[in-house]
Each structure stands twice: as structure tokens, then as C-alpha cells.
Amino acid sequence: MIPVSAEISKLQQKFGERLQAEVALARYTSARVGGPAELLLMANSAKELAEMISNLWELEQPFLILGGGSNVLVADAGVRGVVVLNRARHVRFSEHSMPPTVWAESGANFGLLARQAAARGLSGLEWAAGIPGSLGGAVVGNAGAFGADLSSNLIVAEILHRIPAMEATGQHIARREKWSKERFGYEYRSSVLKRGSEAAVVLSAKLRLMNSTPDAVKARMDEQTAIRHRTQPPGASTGSMFKNPPGDYAGRLIDAAGLKGTQIGGVQISPLHGNFFINLGNATASDFYRLVELARNTVADKFGIGLELEIQLVGEWLVGEG
Ligand code: EPU
């Protein structure tokens with residue numbers, strides 16, 4: 001829905017100077033592309049995030065939440081309506097609980113959390129050291145690497161859930177709930193929230209850790225980081241572009257199709273790993289998308305396999321472009 005000025009003025013009344021207009025989003029994404037947010041709100045704590053989301057739901061104003069910006073491709077035309085930038089980053093370790101845990105707000109950087117755990121001699125997140133996104137993004141998308149994923153660490157997450165107040169009235173209420181891992185219906189890189197089957201926002205999460213020593217955790221983390229550096233390219237990208245299809249690998253298929261190194265505009269399929277699309281410096285979102293289509297069509301023609309995007313296309317994509 002396009003916010004007409006009456007809606008914008010309602011938002012201004014609610015949020016005052018916190019509501020910013022026409023904010024460039026490229027710098028908030030790991031691929032470093034995308035146009036502006038028509039309106040932007042920055043949440044600096046889980047409490048603020050919950051208040052903002054409740055208000056937006058109340059105003060029936062659609063919005064997009066951006067955390068680490070690592071699993072999205074924002075359209076060049078930008079995002080109409082409101083973008084909520086999640087900067088809620090408080091972190092609390094409980095080293096002496098059984099098991100030891102870390103609780104963090106959903107805007108916390110997941111890779112940084114893993115390194116903080118390592119420095120305390122807490123094991124369990126070594127696999128996450130190089131993950132660029134936010135904890136909330138990891139909870140929604142069931143982020144993973146090296147055979148582990150978020151679902152193996154999650155104990156409980158606090159959620160703001162939009163539910164019908166009474167079926168008859170069509171009214172909704174926003175309720176804070178605690179969801180255990182089972183409630184998320186986790187699958188490979190997916191959850192009920194990623195599948196869009198429930199309107200809910202992750203506010204914070206508590207993860208299970210194990211006691212170890214800083215040296216031992218760091219050694220394992222360094223091993224995995226070294227593998228990552230050998231197999232995955234540096235540079236601005238969305239991370240894995242496609243999900244691995246059952247029984248195969250998107251990177252292997254794109255490689256076997258002879259597409260590594262292929263460039264469209266300012267984007268190149270990494271010569272190191274076929275599932276990484278790199279912004280060479282002057283890329284547009286539409287360059288990314290044209291390369292996505294090329295890879296998808298070539299792999300479908302050559303191998304009869306339909307690659308599914310792991311990332312989400314957000315904002316105003318033109319018909320035929322996204
Ligand atoms: N391969 C090729 N050519 C390539 C790339 C890969 O033949 O250009 C082959 C590799 O030799 C290997 C197989 O494909 O046999 C799988 O490659 P890799 O081990 O690099 O892992 P991946 O399946 O491509 C997954 C995750 C990554 C995660 C790594 C490490 C997905 C889509 N990707 O990559 O996650 O870091 O494993 O565990 O599941 C992400 O999700 O954004 C991400 C980076």
C-alpha cells in the first residue's frame with residue numbers, strides 16, 4: 001500500500017523526529033546496493049522495536065525490518081513505506097547457568113556474538129563466526145554453516161506476535177510471546193516466519209552454549225574461518241544467493257554450468273565460489289537480478305534443476321525485474 005500524505009502525517013504524529021525520509025539503504029546492506037527507504041525508523045532497543053512495530057500494526061502501515069541486511073537485495077527504486085532498522089544490540093552472557101547461555105536482542109551482529117562467546121571460553125557458536133547478519137535474521141532464516149544451524153542453539157526467543165483480538169471484529173493485538181525452538185517449524189534455511197505464515201517479529205533470543213576454554217573455542221573457530229577464507233570470496237555480497245537444492249549444491253551447479261567469473265554490469269559471479277555474487281564497486285540491484293536470472297535459466301536448461309533464492313528481494317522491483 002502506498003502511504004498517502006494523511007498516513008505519513010499520522011506516522012509523524014506517532015514518531016516525531018525519529019521518522020526520517022528518503023534514507024539511502026545501500027550502506028545498510030552487505031551487497032551495498034539498493035535505493036532509499038521512503039521512511040525510516042531506527043530501533044535502538046528491543047523495547048523500542050516492540051513499540052514501533054505495535055504502532056505500525058495499529059496504523060495498518062506495512063513495513064520492512066532490516067537487521068544486518070545480509071540476506072536481502074533491496075531494489076534500485078528503494079522501499080516504499082516504512083523501513084525499521086533494527087539496532088537493538090544488547091547482549092548478556094550467563095556463564096554460570098546450566099547450560100551456559102547468551103541472551104541478545106535481535107539486532108545484535110551474529111558473527112560478533114559468536115566471537116564474544118569464544119573469548120569467554122563458551123563453545124557452540126564456532127560455526128557462526130563469519131556470518132554477517134543479525135541474530136534476528138539468523139532466527140528467522142535458520143542461518144547455518146559447517147553442518148550446524150541456528151535451530152541447534154536456540155532455546156527460546158521473545159516474539160511480538162500479531163494475532164486476531166476477536167475473529168468477528170477483524171481487529172488485531174500485538175502480544176509478546178516466548179517461542180521455543182519447536183514453535184518456529186524450522187527447516188533448512190527456513191521457519192514459519194520466513195515462510196510468512198505468521199505475522200511476528202523477533203525481539204530477542206536465548207542460545208545454548210557449552211563450557212570450554214577460550215583457546216579451544218578459538219582454535220575450532222580459526223579452523224572454520226580458514227576453510228571459509230579458502231572457499232568463499234571476500235567483498236560485498238549477499239552471502240549464498242541460492243539455497244542448495246536437495247542432494248546437490250547451488251555453487252557446484254553454477255560452476256558446472258561454466259558461469260563462474262561471469263559479469264553483468266558491476267556484479268560478478270565469484271571465480272572462487274559459484275553461489276557468491278560480488279559487487280565489484282558500482283553494481284546496481286538490477287545487475288544482481290539479471291545475473292540471478294542468467295544463473296537460474298542456465299542451470300535449469302543444462303541440468304533441469306530450478307534454483308530457489310535464499311535471499312529475499314525487497315522493495316519496488318519492476319515487473320520482469322524481480
Ligand atoms: N562447489 C563447486 N564449485 C563452486 C562452489 C562449490 O564445485 O564454485 C562444490 C564444493 O566443492 C563442495 C560443494 O559444492 O563440494 C559445497 O560447497 P561449499 O562447501 O562451499 O558449501 P555451500 O553448500 O556452497 C554452505 C552454505 C554456506 C556456508 C557453507 C559452509 C548454503 C546455501 N550455503 O555453502 O552458507 O557458509 O556451506 O558450511 O547452504 C549462507 O547461507 O549465506 C552461507 C554462506
# chains A, B, ... in the order shown; residues from 1 in each chain; ligands from 1

$ residues_around --residues "Leu207 of chain A" --least-positions-apart "6" --cutoff "7 Å" --atoms "only C-alpha atoms" --output "PyMOL selection string"
chain A and resi 101-103+153-155

$ closest_atom_pairs --of "chain A" --to "ligand 1" --cutoff "8 Å" --atoms "only C-alpha atoms and all ligand atoms" --output "CSV"
residue,atom,partner,partner_atom_place_in_ligand_line,distance
A:Asn71,CA,ligand 1,42 (O),7.3
A:Trp127,CA,ligand 1,38 (O),7.7
A:Gly130,CA,ligand 1,36 (O),7.9
A:Ile131,CA,ligand 1,44 (C),7.3
A:Ala143,CA,ligand 1,41 (O),6.2
A:Gly144,CA,ligand 1,35 (O),6.0
A:Ala145,CA,ligand 1,38 (O),3.5
A:Phe146,CA,ligand 1,38 (O),3.4
A:Gly147,CA,ligand 1,38 (O),6.1
A:Ala148,CA,ligand 1,38 (O),8.0
A:Tyr188,CA,ligand 1,39 (O),8.0
A:Arg189,CA,ligand 1,39 (O),7.4
A:Arg228,CA,ligand 1,30 (C),6.7
A:Thr231,CA,ligand 1,20 (O),5.6
A:Gln232,CA,ligand 1,20 (O),6.7
A:Thr238,CA,ligand 1,42 (O),7.0
A:Gly239,CA,ligand 1,42 (O),4.0
A:Ser240,CA,ligand 1,42 (O),3.8
A:Met241,CA,ligand 1,42 (O),7.0
A:Phe242,CA,ligand 1,32 (C),5.8
A:Lys243,CA,ligand 1,32 (C),4.2
A:Asn244,CA,ligand 1,32 (C),4.8
A:Asp248,CA,ligand 1,14 (O),7.6
A:Tyr249,CA,ligand 1,14 (O),5.1
A:Ala250,CA,ligand 1,24 (O),6.5
A:Gly251,CA,ligand 1,5 (C),3.9
A:Arg252,CA,ligand 1,2 (C),3.5
A:Leu253,CA,ligand 1,7 (O),7.2
A:Ile254,CA,ligand 1,8 (O),6.8
A:Asp255,CA,ligand 1,8 (O),4.8
A:Ala256,CA,ligand 1,7 (O),7.1
A:Lys260,CA,ligand 1,8 (O),6.9
A:Ser270,CA,ligand 1,8 (O),7.8
A:Pro271,CA,ligand 1,8 (O),7.2
A:Leu272,CA,ligand 1,8 (O),5.9
A:His273,CA,ligand 1,8 (O),3.6
A:Gly274,CA,ligand 1,8 (O),3.8
A:Asn275,CA,ligand 1,24 (O),6.3
A:Glu310,CA,ligand 1,32 (C),6.9

$ residues_around --residues "Glu105 of chain A" --least-positions-apart "3" --cutoff "8 Å" --atoms "only C-alpha atoms" --output "list in words"
Ser45, Ala46, Ala88, Arg89, His90, Val91, Ala108, Leu135, Gly136, Leu203, Ser204 and Ala205 of chain A

$ residues_around --residues "segment 208-220 of chain A" --least-positions-apart "2" --cutoff "9 Å" --atoms "only C-alpha atoms" --output "list in words"
Glu95, Met98, Pro99, Pro100, Thr101, Val102, Arg115, Ala117, Ala118, Ala119, Arg120, Gly121, Leu122, Ser123, Gly124, Leu125, Glu126, Trp127, Ser152, Asn153, Leu154, Ile155, Lys206, Asp222, Glu223, Gln224 and Thr225 of chain A

$ select_by_dssp --residues "segment 250-281 of chain A" --states "strand (DSSP E)" --output "PyMOL selection string"
chain A and resi 263-264+267-269+277-279

$ residues_around --residues "segment 179-184 of chain A" --least-positions-apart "5" --cutoff "10 Å" --atoms "only C-alpha atoms" --output "list in words"
Val139, Val140, Asn142, Leu150, Ser151, Ser152, Asn153, Leu154, Ile155, Val156, Ala157, Glu158, Ile159, Ser190, Ser191, Val192, Leu193, Lys194, Glu198, Val202, Ala205 and Lys206 of chain A

$ closest_residue --among "A:Gly265, A:Gly281, A:Gly196, A:Gly81" --to "Glu38 of chain A" --atoms "only C-alpha atoms"
A:Gly81

$ select_by_dssp --residues "segment 72-310 of chain A" --states "helix (DSSP H, G or I)" --output "ChimeraX atom specification"
/A:110-119,126-128,135-141,150-152,181-184,214-231,250-256,285-303

$ atom_distance --atom1 "atom CA of Leu11 of chain A" --atom2 "atom CA of Leu64 of chain A"
15.0 Å

$ atom_distance --atom1 "atom CA of Ala283 of chain A" --atom2 "atom CA of Arg32 of chain A"
8.2 Å
